[in-house]
file work_26.cif (mmCIF, C-alpha atoms)
data_query
loop_
_atom_site.label_atom_id
_atom_site.label_comp_id
_atom_site.auth_asym_id
_atom_site.auth_seq_id
_atom_site.Cartn_x
_atom_site.Cartn_y
_atom_site.Cartn_z
CA MET A 23 -17.67 16.87 -29.99
CA ALA A 24 -14.11 17.24 -28.70
CA LYS A 25 -12.84 14.45 -26.50
CA PRO A 26 -12.08 15.34 -22.87
CA LYS A 27 -8.43 16.19 -22.37
CA VAL A 28 -6.80 14.00 -19.71
CA LEU A 29 -3.29 13.87 -18.25
CA VAL A 30 -1.74 10.53 -17.28
CA THR A 31 0.91 11.46 -14.71
CA ARG A 32 3.11 8.32 -15.03
CA ARG A 33 3.62 5.53 -17.57
CA TRP A 34 0.85 2.95 -17.38
CA PRO A 35 0.64 -0.49 -19.01
CA ALA A 36 0.69 -0.14 -22.79
CA ALA A 37 -2.72 -1.76 -23.26
CA VAL A 38 -4.31 0.80 -20.92
CA GLU A 39 -2.52 3.76 -22.48
CA ALA A 40 -3.74 2.64 -25.92
CA GLN A 41 -7.38 2.55 -24.82
CA LEU A 42 -7.07 5.87 -22.99
CA SER A 43 -5.63 7.47 -26.13
CA GLU A 44 -8.49 6.08 -28.19
CA ALA A 45 -11.27 7.18 -25.84
CA PHE A 46 -9.85 10.54 -24.77
CA ASP A 47 -7.46 13.29 -25.79
CA ALA A 48 -4.81 11.73 -23.55
CA VAL A 49 -1.42 13.23 -22.80
CA LEU A 50 1.07 10.64 -21.54
CA ASN A 51 4.08 11.21 -19.31
CA THR A 52 6.62 9.52 -21.56
CA ASP A 53 9.51 10.53 -19.25
CA ASP A 54 7.82 8.61 -16.41
CA LYS A 55 9.08 11.06 -13.79
CA PRO A 56 6.92 12.38 -10.95
CA LEU A 57 5.45 15.81 -11.65
CA SER A 58 6.39 18.75 -9.48
CA GLU A 59 3.87 20.68 -7.42
CA ALA A 60 3.96 23.48 -10.01
CA GLU A 61 3.37 21.00 -12.85
CA LEU A 62 0.45 19.44 -11.02
CA ARG A 63 -1.04 22.87 -10.38
CA ASP A 64 -0.71 23.70 -14.09
CA ALA A 65 -2.31 20.36 -14.97
CA LEU A 66 -5.37 21.16 -12.88
CA THR A 67 -5.87 24.33 -14.91
CA SER A 68 -5.16 22.76 -18.32
CA TYR A 69 -6.89 19.35 -18.40
CA ASP A 70 -10.43 18.12 -17.92
CA ALA A 71 -9.14 15.18 -15.88
CA VAL A 72 -5.89 14.37 -14.08
CA LEU A 73 -5.03 10.72 -13.49
CA PRO A 74 -2.63 10.66 -10.51
CA THR A 75 -0.76 7.84 -8.82
CA VAL A 76 0.62 7.45 -5.31
CA THR A 77 3.80 9.24 -6.44
CA ASP A 78 1.83 12.44 -7.15
CA LYS A 79 1.35 14.47 -3.98
CA ILE A 80 -1.47 16.83 -4.83
CA SER A 81 -1.16 19.11 -1.82
CA ALA A 82 -3.34 21.94 -0.62
CA LYS A 83 -1.01 24.34 -2.44
CA SER A 84 -1.71 22.50 -5.69
CA PHE A 85 -5.34 23.53 -5.35
CA ASP A 86 -4.45 27.18 -4.69
CA ILE A 87 -5.82 28.21 -8.06
CA ALA A 88 -8.75 30.42 -9.00
CA LYS A 89 -10.66 28.14 -11.36
CA PRO A 90 -9.37 24.72 -12.31
CA GLN A 91 -10.35 23.10 -15.58
CA ALA A 92 -10.08 19.61 -14.10
CA ARG A 93 -13.38 18.19 -12.91
CA ILE A 94 -12.18 14.74 -11.86
CA LEU A 95 -9.09 13.18 -10.29
CA ALA A 96 -9.24 9.55 -11.39
CA ASN A 97 -6.68 7.98 -9.09
CA TYR A 98 -4.67 4.92 -10.16
CA GLY A 99 -4.68 2.97 -6.90
CA VAL A 100 -6.82 2.28 -3.87
CA GLY A 101 -5.27 4.74 -1.41
CA TYR A 102 -5.71 8.45 -1.99
CA SER A 103 -3.99 10.01 1.02
CA HIS A 104 -1.61 11.73 -1.43
CA ILE A 105 -4.52 13.91 -2.56
CA ASP A 106 -5.59 16.84 -0.39
CA MET A 107 -9.28 15.99 -0.28
CA PRO A 108 -10.47 19.33 1.20
CA GLY A 109 -8.66 21.10 -1.64
CA ALA A 110 -10.38 18.92 -4.23
CA ALA A 111 -13.73 19.36 -2.49
CA GLY A 112 -13.28 23.12 -2.44
CA HIS A 113 -13.31 23.09 -6.23
CA GLY A 114 -16.14 20.57 -6.48
CA MET A 115 -13.92 17.91 -8.04
CA THR A 116 -14.84 14.25 -8.18
CA VAL A 117 -12.20 11.78 -6.90
CA THR A 118 -12.23 8.08 -7.78
CA ASN A 119 -9.97 5.14 -6.94
CA THR A 120 -9.44 1.53 -8.06
CA PRO A 121 -10.54 -0.95 -5.36
CA ASP A 122 -10.94 -4.73 -5.68
CA VAL A 123 -8.58 -5.37 -8.58
CA LEU A 124 -5.30 -5.26 -6.63
CA SER A 125 -6.41 -6.92 -3.41
CA GLU A 126 -5.14 -10.42 -4.20
CA CYS A 127 -1.73 -9.31 -5.51
CA THR A 128 -1.13 -6.96 -2.58
CA ALA A 129 -2.02 -9.75 -0.15
CA ASP A 130 0.44 -11.99 -2.01
CA ILE A 131 3.23 -9.47 -1.35
CA ALA A 132 2.24 -9.17 2.31
CA MET A 133 2.46 -12.95 2.62
CA THR A 134 5.78 -12.89 0.75
CA LEU A 135 7.21 -10.40 3.24
CA LEU A 136 5.87 -12.40 6.18
CA LEU A 137 7.53 -15.58 4.96
CA MET A 138 10.76 -13.84 4.01
CA VAL A 139 11.30 -12.17 7.36
CA ALA A 140 10.19 -15.21 9.38
CA ARG A 141 12.55 -17.53 7.49
CA ARG A 142 15.35 -14.93 7.18
CA ALA A 143 15.25 -15.19 3.39
CA GLY A 144 16.57 -11.66 2.87
CA GLU A 145 19.63 -12.36 5.01
CA GLY A 146 20.22 -15.64 3.23
CA GLU A 147 19.92 -14.13 -0.24
CA ARG A 148 22.41 -11.38 0.65
CA GLU A 149 24.81 -13.95 2.06
CA VAL A 150 24.72 -16.11 -1.06
CA ARG A 151 25.20 -13.16 -3.43
CA ALA A 152 28.13 -11.88 -1.37
CA GLY A 153 29.85 -15.26 -1.56
CA ARG A 154 29.80 -15.65 2.21
CA TRP A 155 27.83 -18.91 2.41
CA THR A 156 30.00 -21.73 3.76
CA GLY A 157 27.45 -24.53 3.44
CA TRP A 158 24.61 -26.10 5.38
CA ARG A 159 24.88 -26.35 9.15
CA PRO A 160 22.29 -26.97 11.89
CA THR A 161 22.51 -23.51 13.47
CA HIS A 162 22.65 -21.42 10.29
CA LEU A 163 20.01 -18.67 9.84
CA VAL A 164 17.46 -20.43 12.02
CA GLY A 165 14.13 -18.66 11.57
CA THR A 166 10.58 -18.85 12.85
CA LYS A 167 7.85 -21.30 11.88
CA VAL A 168 4.83 -19.62 10.31
CA SER A 169 2.21 -22.39 10.23
CA GLY A 170 -0.18 -22.36 13.16
CA LYS A 171 0.96 -18.97 14.52
CA THR A 172 -1.28 -15.98 15.32
CA LEU A 173 -1.61 -13.22 12.73
CA GLY A 174 -3.01 -9.84 13.66
CA ILE A 175 -4.52 -7.86 10.80
CA VAL A 176 -4.95 -4.11 11.23
CA GLY A 177 -7.63 -2.95 8.81
CA PHE A 178 -9.97 -5.68 7.61
CA GLY A 179 -11.03 -4.40 4.22
CA ARG A 180 -10.59 -6.22 0.92
CA ILE A 181 -6.83 -6.63 1.16
CA GLY A 182 -6.88 -7.53 4.85
CA GLN A 183 -9.47 -10.21 4.15
CA GLU A 184 -7.38 -11.64 1.31
CA MET A 185 -4.37 -11.75 3.64
CA ALA A 186 -6.45 -13.57 6.26
CA ARG A 187 -7.62 -16.11 3.68
CA ARG A 188 -4.05 -16.93 2.64
CA ALA A 189 -2.76 -17.13 6.19
CA HIS A 190 -5.61 -19.16 7.66
CA HIS A 191 -6.43 -21.56 4.85
CA GLY A 192 -2.87 -21.83 3.55
CA PHE A 193 -0.87 -21.86 6.77
CA GLY A 194 -3.40 -22.70 9.45
CA MET A 195 -2.83 -19.37 11.19
CA LYS A 196 -5.13 -18.01 13.88
CA ILE A 197 -6.53 -14.64 12.78
CA VAL A 198 -7.18 -11.66 15.05
CA VAL A 199 -8.37 -8.42 13.43
CA GLN A 200 -8.63 -4.81 14.49
CA ASN A 201 -10.83 -2.55 12.41
CA ARG A 202 -12.27 0.92 12.88
CA SER A 203 -15.79 -0.53 12.64
CA ARG A 204 -17.34 -3.82 13.65
CA VAL A 205 -16.78 -6.60 11.14
CA SER A 206 -19.73 -8.78 10.18
CA PRO A 207 -19.67 -12.17 11.94
CA ASP A 208 -20.16 -13.80 8.53
CA ILE A 209 -16.94 -12.23 7.23
CA LEU A 210 -15.00 -13.15 10.37
CA ALA A 211 -16.28 -16.71 10.14
CA ARG A 212 -14.68 -17.23 6.72
CA CYS A 213 -11.29 -17.47 8.44
CA ASN A 214 -12.49 -18.27 11.95
CA ALA A 215 -11.24 -14.80 12.91
CA THR A 216 -11.89 -12.85 16.10
CA GLN A 217 -12.04 -9.07 16.39
CA ALA A 218 -10.05 -7.15 18.99
CA ASP A 219 -11.63 -4.02 20.42
CA SER A 220 -8.43 -1.99 20.09
CA LEU A 221 -4.92 -2.02 18.71
CA GLU A 222 -3.64 -2.22 22.27
CA GLU A 223 -5.57 -5.44 22.72
CA LEU A 224 -4.40 -6.94 19.42
CA MET A 225 -0.66 -6.27 19.51
CA PRO A 226 0.38 -8.50 22.47
CA GLN A 227 -1.58 -11.50 21.15
CA CYS A 228 0.17 -11.83 17.81
CA ASP A 229 3.23 -13.53 16.40
CA PHE A 230 2.82 -11.45 13.24
CA VAL A 231 1.05 -8.13 12.67
CA SER A 232 0.13 -7.10 9.12
CA LEU A 233 -1.02 -3.56 8.34
CA HIS A 234 -3.83 -3.03 5.83
CA CYS A 235 -5.40 0.21 7.08
CA PRO A 236 -5.64 3.55 5.22
CA GLY A 237 -2.83 6.08 5.37
CA GLY A 238 -3.23 9.82 5.79
CA ALA A 239 -3.06 12.12 8.78
CA ALA A 240 -5.48 10.08 10.88
CA ASN A 241 -3.20 7.03 10.89
CA ARG A 242 0.19 8.73 10.73
CA HIS A 243 2.56 6.91 13.14
CA LEU A 244 -0.25 4.64 14.28
CA ILE A 245 2.52 2.15 14.94
CA ASN A 246 4.80 4.04 17.32
CA THR A 247 7.11 3.18 20.20
CA ARG A 248 4.20 2.42 22.52
CA MET A 249 2.61 0.00 20.06
CA LEU A 250 5.91 -1.68 19.22
CA ASN A 251 6.54 -2.19 22.92
CA LEU A 252 3.25 -4.08 23.16
CA MET A 253 4.42 -6.66 20.62
CA LYS A 254 5.99 -9.94 21.64
CA PRO A 255 9.80 -9.78 21.58
CA ASP A 256 9.87 -12.37 18.79
CA ALA A 257 6.93 -10.98 16.79
CA PHE A 258 7.13 -9.55 13.27
CA LEU A 259 5.57 -6.42 11.70
CA ILE A 260 4.48 -6.35 8.03
CA ASN A 261 3.44 -3.22 6.13
CA THR A 262 2.00 -3.14 2.61
CA ALA A 263 -0.42 -0.27 3.33
CA ARG A 264 1.16 3.20 3.54
CA GLY A 265 4.57 4.20 4.84
CA GLU A 266 3.37 6.96 7.13
CA ILE A 267 1.50 4.46 9.31
CA ILE A 268 4.80 3.47 10.97
CA ASP A 269 7.12 5.72 12.95
CA GLU A 270 10.25 4.52 11.18
CA LEU A 271 12.67 5.81 13.83
CA ALA A 272 10.77 3.87 16.48
CA LEU A 273 10.79 0.80 14.25
CA SER A 274 14.52 1.05 13.58
CA ARG A 275 15.20 1.17 17.31
CA ALA A 276 12.97 -1.85 17.91
CA LEU A 277 14.91 -3.72 15.21
CA TRP A 278 18.36 -2.62 16.40
CA PHE A 279 17.67 -3.59 20.02
CA GLU A 280 15.69 -6.68 18.98
CA THR A 281 12.64 -5.78 21.03
CA ILE A 282 10.68 -7.32 18.15
CA GLY A 283 11.69 -10.21 15.91
CA GLY A 284 11.79 -8.33 12.63
CA ALA A 285 9.79 -6.49 9.98
CA GLY A 286 8.88 -6.57 6.31
CA LEU A 287 8.12 -3.31 4.48
CA ASP A 288 6.83 -2.69 0.97
CA VAL A 289 6.05 1.00 1.61
CA PHE A 290 8.00 3.82 3.24
CA ASP A 291 7.37 7.24 4.71
CA GLY A 292 8.54 9.72 2.07
CA GLU A 293 9.34 7.05 -0.52
CA PRO A 294 11.36 6.59 -2.67
CA ARG A 295 13.62 8.07 0.00
CA ILE A 296 14.41 5.37 2.55
CA ASN A 297 15.11 6.36 6.13
CA PRO A 298 18.84 5.64 6.60
CA ASP A 299 18.12 4.30 10.08
CA LEU A 300 16.47 1.30 8.43
CA MET A 301 19.23 0.44 5.99
CA ASP A 302 21.47 -1.52 8.34
CA CYS A 303 18.76 -3.56 10.06
CA ASP A 304 19.47 -7.19 9.15
CA ASN A 305 16.13 -8.35 10.57
CA LEU A 306 14.26 -6.20 8.05
CA VAL A 307 13.09 -7.15 4.54
CA MET A 308 12.42 -4.23 2.19
CA LEU A 309 10.70 -4.26 -1.21
CA PRO A 310 10.23 -1.28 -3.57
CA HIS A 311 6.42 -0.88 -3.33
CA LEU A 312 5.58 -4.01 -5.31
CA GLY A 313 2.13 -4.68 -3.81
CA SER A 314 0.14 -4.41 -7.04
CA ALA A 315 3.08 -5.03 -9.38
CA THR A 316 1.70 -7.79 -11.56
CA ARG A 317 0.69 -7.34 -15.18
CA GLU A 318 -2.81 -8.48 -14.36
CA ALA A 319 -3.33 -6.09 -11.46
CA ARG A 320 -1.73 -3.03 -13.05
CA GLU A 321 -3.76 -3.45 -16.24
CA ALA A 322 -6.96 -4.00 -14.26
CA MET A 323 -6.26 -0.84 -12.25
CA GLY A 324 -5.87 1.16 -15.44
CA PHE A 325 -9.05 -0.21 -17.00
CA ARG A 326 -10.90 0.61 -13.77
CA VAL A 327 -9.73 4.22 -14.13
CA LEU A 328 -10.92 4.16 -17.73
CA ASP A 329 -14.36 2.92 -16.61
CA ASN A 330 -14.62 5.68 -14.03
CA LEU A 331 -13.66 8.34 -16.57
CA THR A 332 -16.09 6.98 -19.16
CA ASP A 333 -18.95 7.05 -16.69
CA PHE A 334 -18.08 10.51 -15.41
CA PHE A 335 -17.90 12.18 -18.81
CA ALA A 336 -21.08 10.37 -19.91
CA GLY A 337 -22.91 11.93 -16.97
CA ARG A 338 -23.14 8.70 -14.98
CA GLU A 339 -22.00 8.22 -11.39
CA PRO A 340 -18.54 6.58 -11.34
CA ARG A 341 -18.77 3.34 -9.35
CA ASP A 342 -15.50 4.03 -7.51
CA ARG A 343 -16.22 7.59 -6.44
CA VAL A 344 -14.70 8.39 -3.04
CA MET A 345 -15.70 12.08 -3.12
#

call {"tool": "encode", "arguments": {"input": "work_26.cif", "output": "structure tokens"}}
result
Amino acid sequence: MAKPKVLVTRRWPAAVEAQLSEAFDAVLNTDDKPLSEAELRDALTSYDAVLPTVTDKISAKSFDIAKPQARILANYGVGYSHIDMPGAAGHGMTVTNTPDVLSECTADIAMTLLLMVARRAGEGEREVRAGRWTGWRPTHLVGTKVSGKTLGIVGFGRIGQEMARRAHHGFGMKIVVQNRSRVSPDILARCNATQADSLEELMPQCDFVSLHCPGGAANRHLINTRMLNLMKPDAFLINTARGEIIDELALSRALWFETIGGAGLDVFDGEPRINPDLMDCDNLVMLPHLGSATREAREAMGFRVLDNLTDFFAGREPRDRVM
């Protein structure tokens, strides 16, 4: 029996690519460049499975085809807002993701950003590299203490819970969460967290706000001028979720006029393009979407995709099916 033909849209860790090539008739993107909309549309008509990443926007137009060959989109990542789900559903496609395996590493990056922006590490690193540091002095790059402060977490899923664990047990932070559904008291109790009824209630309470909610149209510009104005003037915003959650023009204005203390971003709206309004904000730390960028996490993500594909083509229900 012929092996299912699958397309891997970007380069993946070598160990994962090797196993994919052994188990399936796998075509690898050796150029490691994002596919165009036309290429993605062709892939849906030419392969039994397409394995997209966050860089692959599979829009409604991509599904404007009579009869796709692809039966499953096995996504490499937790979020899948880059996939037009109604389009996939219209062709009866299965969509899977890779939860669990990147939660710890993404929370590590969120904590990294929080510490960097609070302690002005980005400004200091730029100063040293530019040769502008003149030596220690009592008033130089004075930042904000993190230990004991209040952290608001928007979206209390796996990654949000890992962030809370680091902040509470590592830094003694008070945790307030806002989630679209009620969180079990047992889960809240792990970090002595409380749940706010709304984002409007959460924002003014917090010294730091960390975003861990889904992206997509429902949460586009969830953090806008009104929400930023509810933050304390010395509070910090952290985003390792999806870029579209923040209105970046509103954020740039809040940073320019120092109506908030600062921000740390690992994701951007329209990345890899960076909104030029953000580029000159000194009180902003930016990372190039490094949330899951550890060898352990990226390999585990790939093997999770492999498990989902294996189950699907064996006629079993993939454990990470989202549609």

call {"tool": "closest_residue", "arguments": {"input": "work_26.cif", "among": "A:Glu318, A:Asp130, A:Asp229, A:Glu184", "to": "A:Ser169", "atoms": "all atoms listed in the file"}}
result
A:Asp229

call {"tool": "resolve_selection", "arguments": {"input": "work_26.cif", "expression": "the PyMOL selection byres ((chain A and resi 222) around 10)", "output": "mmCIF file with C-alpha atoms, in the frame of the given file"}}
result
data_model
loop_
_atom_site.group_PDB
_atom_site.id
_atom_site.type_symbol
_atom_site.label_atom_id
_atom_site.label_comp_id
_atom_site.auth_asym_id
_atom_site.auth_seq_id
_atom_site.Cartn_x
_atom_site.Cartn_y
_atom_site.Cartn_z
ATOM 1 C CA GLN A 200 -8.630 -4.810 14.490
ATOM 2 C CA ALA A 218 -10.050 -7.150 18.990
ATOM 3 C CA ASP A 219 -11.630 -4.020 20.420
ATOM 4 C CA SER A 220 -8.430 -1.990 20.090
ATOM 5 C CA LEU A 221 -4.920 -2.020 18.710
ATOM 6 C CA GLU A 223 -5.570 -5.440 22.720
ATOM 7 C CA LEU A 224 -4.400 -6.940 19.420
ATOM 8 C CA MET A 225 -0.660 -6.270 19.510
ATOM 9 C CA PRO A 226 0.380 -8.500 22.470
ATOM 10 C CA GLN A 227 -1.580 -11.500 21.150
ATOM 11 C CA ARG A 248 4.200 2.420 22.520
ATOM 12 C CA MET A 249 2.610 0.000 20.060
ATOM 13 C CA LEU A 252 3.250 -4.080 23.160
ATOM 14 C CA MET A 253 4.420 -6.660 20.620
#

call {"tool": "resolve_selection", "arguments": {"input": "work_26.cif", "expression": "the PyMOL selection byres ((chain A and resi 256) around 6)", "output": "PyMOL selection string"}}
result
chain A and resi 254-255+257+282-283

call {"tool": "write_last_selection", "arguments": {"input": "work_26.cif", "atoms": "C-alpha atoms", "output": "PDB file, in the coordinates of the input"}}
result
ATOM      1  CA  LYS A 254       5.990  -9.940  21.640  1.00  0.00           C
ATOM      2  CA  PRO A 255       9.800  -9.780  21.580  1.00  0.00           C
ATOM      3  CA  ALA A 257       6.930 -10.980  16.790  1.00  0.00           C
ATOM      4  CA  ILE A 282      10.680  -7.320  18.150  1.00  0.00           C
ATOM      5  CA  GLY A 283      11.690 -10.210  15.910  1.00  0.00           C
TER       6      GLY A 283
END

call {"tool": "residues_around", "arguments": {"input": "work_26.cif", "residues": "A:Gly146", "least_positions_apart": "6", "cutoff": "12 Å", "atoms": "all atoms listed in the file", "output": "ChimeraX atom specification"}}
result
/A:138-140,152-158,162-165,304-305,307

call {"tool": "closest_atom_pairs", "arguments": {"input": "work_26.cif", "of": "stretch 283-313 of chain A", "to": "stretch 61-76 of chain A", "cutoff": "12 Å", "atoms": "only C-alpha atoms", "output": "CSV"}}
result
residue,atom,partner,partner_atom,distance
A:Val289,CA,A:Val76,CA,10.9
A:Phe290,CA,A:Val76,CA,11.9
A:Gly292,CA,A:Val76,CA,11.1
A:Glu293,CA,A:Val76,CA,10.0
A:Pro294,CA,A:Val76,CA,11.1
A:His311,CA,A:Val76,CA,10.3

call {"tool": "residues_around", "arguments": {"input": "work_26.cif", "residues": "A:Ile80", "least_positions_apart": "4", "cutoff": "8 Å", "atoms": "only C-alpha atoms", "output": "PyMOL selection string"}}
result
chain A and resi 59+62+84-85+104-106

call {"tool": "resolve_selection", "arguments": {"input": "work_26.cif", "expression": "the PyMOL selection byres ((chain A and resi 327-330) around 12)", "output": "VMD selection string"}}
result
chain A and resid 28 30 34 37 to 46 48 71 to 75 94 to 100 116 to 121 123 320 to 326 331 to 344

call {"tool": "residues_around", "arguments": {"input": "work_26.cif", "residues": "stretch 267-274 of chain A", "least_positions_apart": "6", "cutoff": "7 Å", "atoms": "all atoms listed in the file", "output": "PDB file with C-alpha atoms, in the frame of the given file"}}
result
ATOM      1  CA  GLY A 237      -2.830   6.080   5.370  1.00  0.00           C
ATOM      2  CA  ASN A 241      -3.200   7.030  10.890  1.00  0.00           C
ATOM      3  CA  ARG A 242       0.190   8.730  10.730  1.00  0.00           C
ATOM      4  CA  HIS A 243       2.560   6.910  13.140  1.00  0.00           C
ATOM      5  CA  LEU A 244      -0.250   4.640  14.280  1.00  0.00           C
ATOM      6  CA  ILE A 245       2.520   2.150  14.940  1.00  0.00           C
ATOM      7  CA  ASN A 246       4.800   4.040  17.320  1.00  0.00           C
ATOM      8  CA  THR A 247       7.110   3.180  20.200  1.00  0.00           C
ATOM      9  CA  ASP A 299      18.120   4.300  10.080  1.00  0.00           C
ATOM     10  CA  LEU A 300      16.470   1.300   8.430  1.00  0.00           C
TER      11      LEU A 300
END

call {"tool": "residues_around", "arguments": {"input": "work_26.cif", "residues": "A:Lys196", "least_positions_apart": "4", "cutoff": "9 Å", "atoms": "all atoms listed in the file", "output": "ChimeraX atom specification"}}
result
/A:170-174,186,189-190,213-216

call {"tool": "build_atoms", "arguments": {"input": "work_26.cif", "residues": "stretch 198-206 of chain A", "atoms": "all heavy atoms", "output": "PDB file, keeping the file's coordinate frame"}}
result
ATOM      1  N   VAL A 198      -6.581 -12.672  14.185  1.00  0.00           N
ATOM      2  CA  VAL A 198      -7.180 -11.660  15.050  1.00  0.00           C
ATOM      3  C   VAL A 198      -7.177 -10.350  14.269  1.00  0.00           C
ATOM      4  O   VAL A 198      -6.155  -9.984  13.678  1.00  0.00           O
ATOM      5  CB  VAL A 198      -6.394 -11.491  16.367  1.00  0.00           C
ATOM      6  CG1 VAL A 198      -7.081 -10.464  17.265  1.00  0.00           C
ATOM      7  CG2 VAL A 198      -6.255 -12.820  17.084  1.00  0.00           C
ATOM      8  N   VAL A 199      -8.297  -9.645  14.228  1.00  0.00           N
ATOM      9  CA  VAL A 199      -8.370  -8.420  13.430  1.00  0.00           C
ATOM     10  C   VAL A 199      -8.720  -7.228  14.310  1.00  0.00           C
ATOM     11  O   VAL A 199      -9.390  -7.365  15.346  1.00  0.00           O
ATOM     12  CB  VAL A 199      -9.399  -8.552  12.288  1.00  0.00           C
ATOM     13  CG1 VAL A 199      -9.123  -9.798  11.464  1.00  0.00           C
ATOM     14  CG2 VAL A 199     -10.829  -8.571  12.807  1.00  0.00           C
ATOM     15  N   GLN A 200      -8.237  -6.081  13.886  1.00  0.00           N
ATOM     16  CA  GLN A 200      -8.630  -4.810  14.490  1.00  0.00           C
ATOM     17  C   GLN A 200      -9.064  -3.896  13.361  1.00  0.00           C
ATOM     18  O   GLN A 200      -8.346  -3.721  12.371  1.00  0.00           O
ATOM     19  CB  GLN A 200      -7.483  -4.192  15.290  1.00  0.00           C
ATOM     20  CG  GLN A 200      -7.884  -2.994  16.153  1.00  0.00           C
ATOM     21  CD  GLN A 200      -7.804  -1.672  15.413  1.00  0.00           C
ATOM     22  OE1 GLN A 200      -6.919  -1.484  14.585  1.00  0.00           O
ATOM     23  NE2 GLN A 200      -8.708  -0.749  15.701  1.00  0.00           N
ATOM     24  N   ASN A 201     -10.251  -3.351  13.483  1.00  0.00           N
ATOM     25  CA  ASN A 201     -10.830  -2.550  12.410  1.00  0.00           C
ATOM     26  C   ASN A 201     -11.554  -1.372  13.041  1.00  0.00           C
ATOM     27  O   ASN A 201     -12.039  -1.455  14.167  1.00  0.00           O
ATOM     28  CB  ASN A 201     -11.809  -3.423  11.594  1.00  0.00           C
ATOM     29  CG  ASN A 201     -12.142  -2.809  10.258  1.00  0.00           C
ATOM     30  OD1 ASN A 201     -11.260  -2.618   9.417  1.00  0.00           O
ATOM     31  ND2 ASN A 201     -13.411  -2.486  10.039  1.00  0.00           N
ATOM     32  N   ARG A 202     -11.652  -0.273  12.294  1.00  0.00           N
ATOM     33  CA  ARG A 202     -12.270   0.920  12.880  1.00  0.00           C
ATOM     34  C   ARG A 202     -13.780   0.756  13.090  1.00  0.00           C
ATOM     35  O   ARG A 202     -14.395   1.505  13.841  1.00  0.00           O
ATOM     36  CB  ARG A 202     -11.996   2.141  11.998  1.00  0.00           C
ATOM     37  CG  ARG A 202     -12.494   2.034  10.572  1.00  0.00           C
ATOM     38  CD  ARG A 202     -12.023   3.220   9.745  1.00  0.00           C
ATOM     39  NE  ARG A 202     -12.344   3.056   8.334  1.00  0.00           N
ATOM     40  CZ  ARG A 202     -11.962   3.901   7.398  1.00  0.00           C
ATOM     41  NH1 ARG A 202     -11.245   4.963   7.708  1.00  0.00           N
ATOM     42  NH2 ARG A 202     -12.272   3.696   6.130  1.00  0.00           N
ATOM     43  N   SER A 203     -14.378  -0.221  12.421  1.00  0.00           N
ATOM     44  CA  SER A 203     -15.790  -0.530  12.640  1.00  0.00           C
ATOM     45  C   SER A 203     -15.944  -2.019  12.900  1.00  0.00           C
ATOM     46  O   SER A 203     -15.021  -2.803  12.656  1.00  0.00           O
ATOM     47  CB  SER A 203     -16.628  -0.114  11.421  1.00  0.00           C
ATOM     48  OG  SER A 203     -16.172  -0.782  10.251  1.00  0.00           O
ATOM     49  N   ARG A 204     -17.097  -2.410  13.377  1.00  0.00           N
ATOM     50  CA  ARG A 204     -17.340  -3.820  13.650  1.00  0.00           C
ATOM     51  C   ARG A 204     -17.416  -4.592  12.341  1.00  0.00           C
ATOM     52  O   ARG A 204     -18.031  -4.148  11.371  1.00  0.00           O
ATOM     53  CB  ARG A 204     -18.622  -4.021  14.432  1.00  0.00           C
ATOM     54  CG  ARG A 204     -18.655  -3.359  15.806  1.00  0.00           C
ATOM     55  CD  ARG A 204     -17.494  -3.783  16.696  1.00  0.00           C
ATOM     56  NE  ARG A 204     -17.461  -5.219  16.949  1.00  0.00           N
ATOM     57  CZ  ARG A 204     -16.519  -5.812  17.669  1.00  0.00           C
ATOM     58  NH1 ARG A 204     -15.501  -5.099  18.172  1.00  0.00           N
ATOM     59  NH2 ARG A 204     -16.545  -7.119  17.868  1.00  0.00           N
ATOM     60  N   VAL A 205     -16.772  -5.738  12.315  1.00  0.00           N
ATOM     61  CA  VAL A 205     -16.780  -6.600  11.140  1.00  0.00           C
ATOM     62  C   VAL A 205     -17.922  -7.600  11.277  1.00  0.00           C
ATOM     63  O   VAL A 205     -18.151  -8.155  12.350  1.00  0.00           O
ATOM     64  CB  VAL A 205     -15.433  -7.334  10.992  1.00  0.00           C
ATOM     65  CG1 VAL A 205     -15.450  -8.259   9.783  1.00  0.00           C
ATOM     66  CG2 VAL A 205     -14.285  -6.332  10.884  1.00  0.00           C
ATOM     67  N   SER A 206     -18.610  -7.825  10.171  1.00  0.00           N
ATOM     68  CA  SER A 206     -19.730  -8.780  10.180  1.00  0.00           C
ATOM     69  C   SER A 206     -19.266 -10.155  10.634  1.00  0.00           C
ATOM     70  O   SER A 206     -18.217 -10.642  10.202  1.00  0.00           O
ATOM     71  CB  SER A 206     -20.314  -8.875   8.765  1.00  0.00           C
ATOM     72  OG  SER A 206     -21.130 -10.018   8.635  1.00  0.00           O
TER      73      SER A 206
END
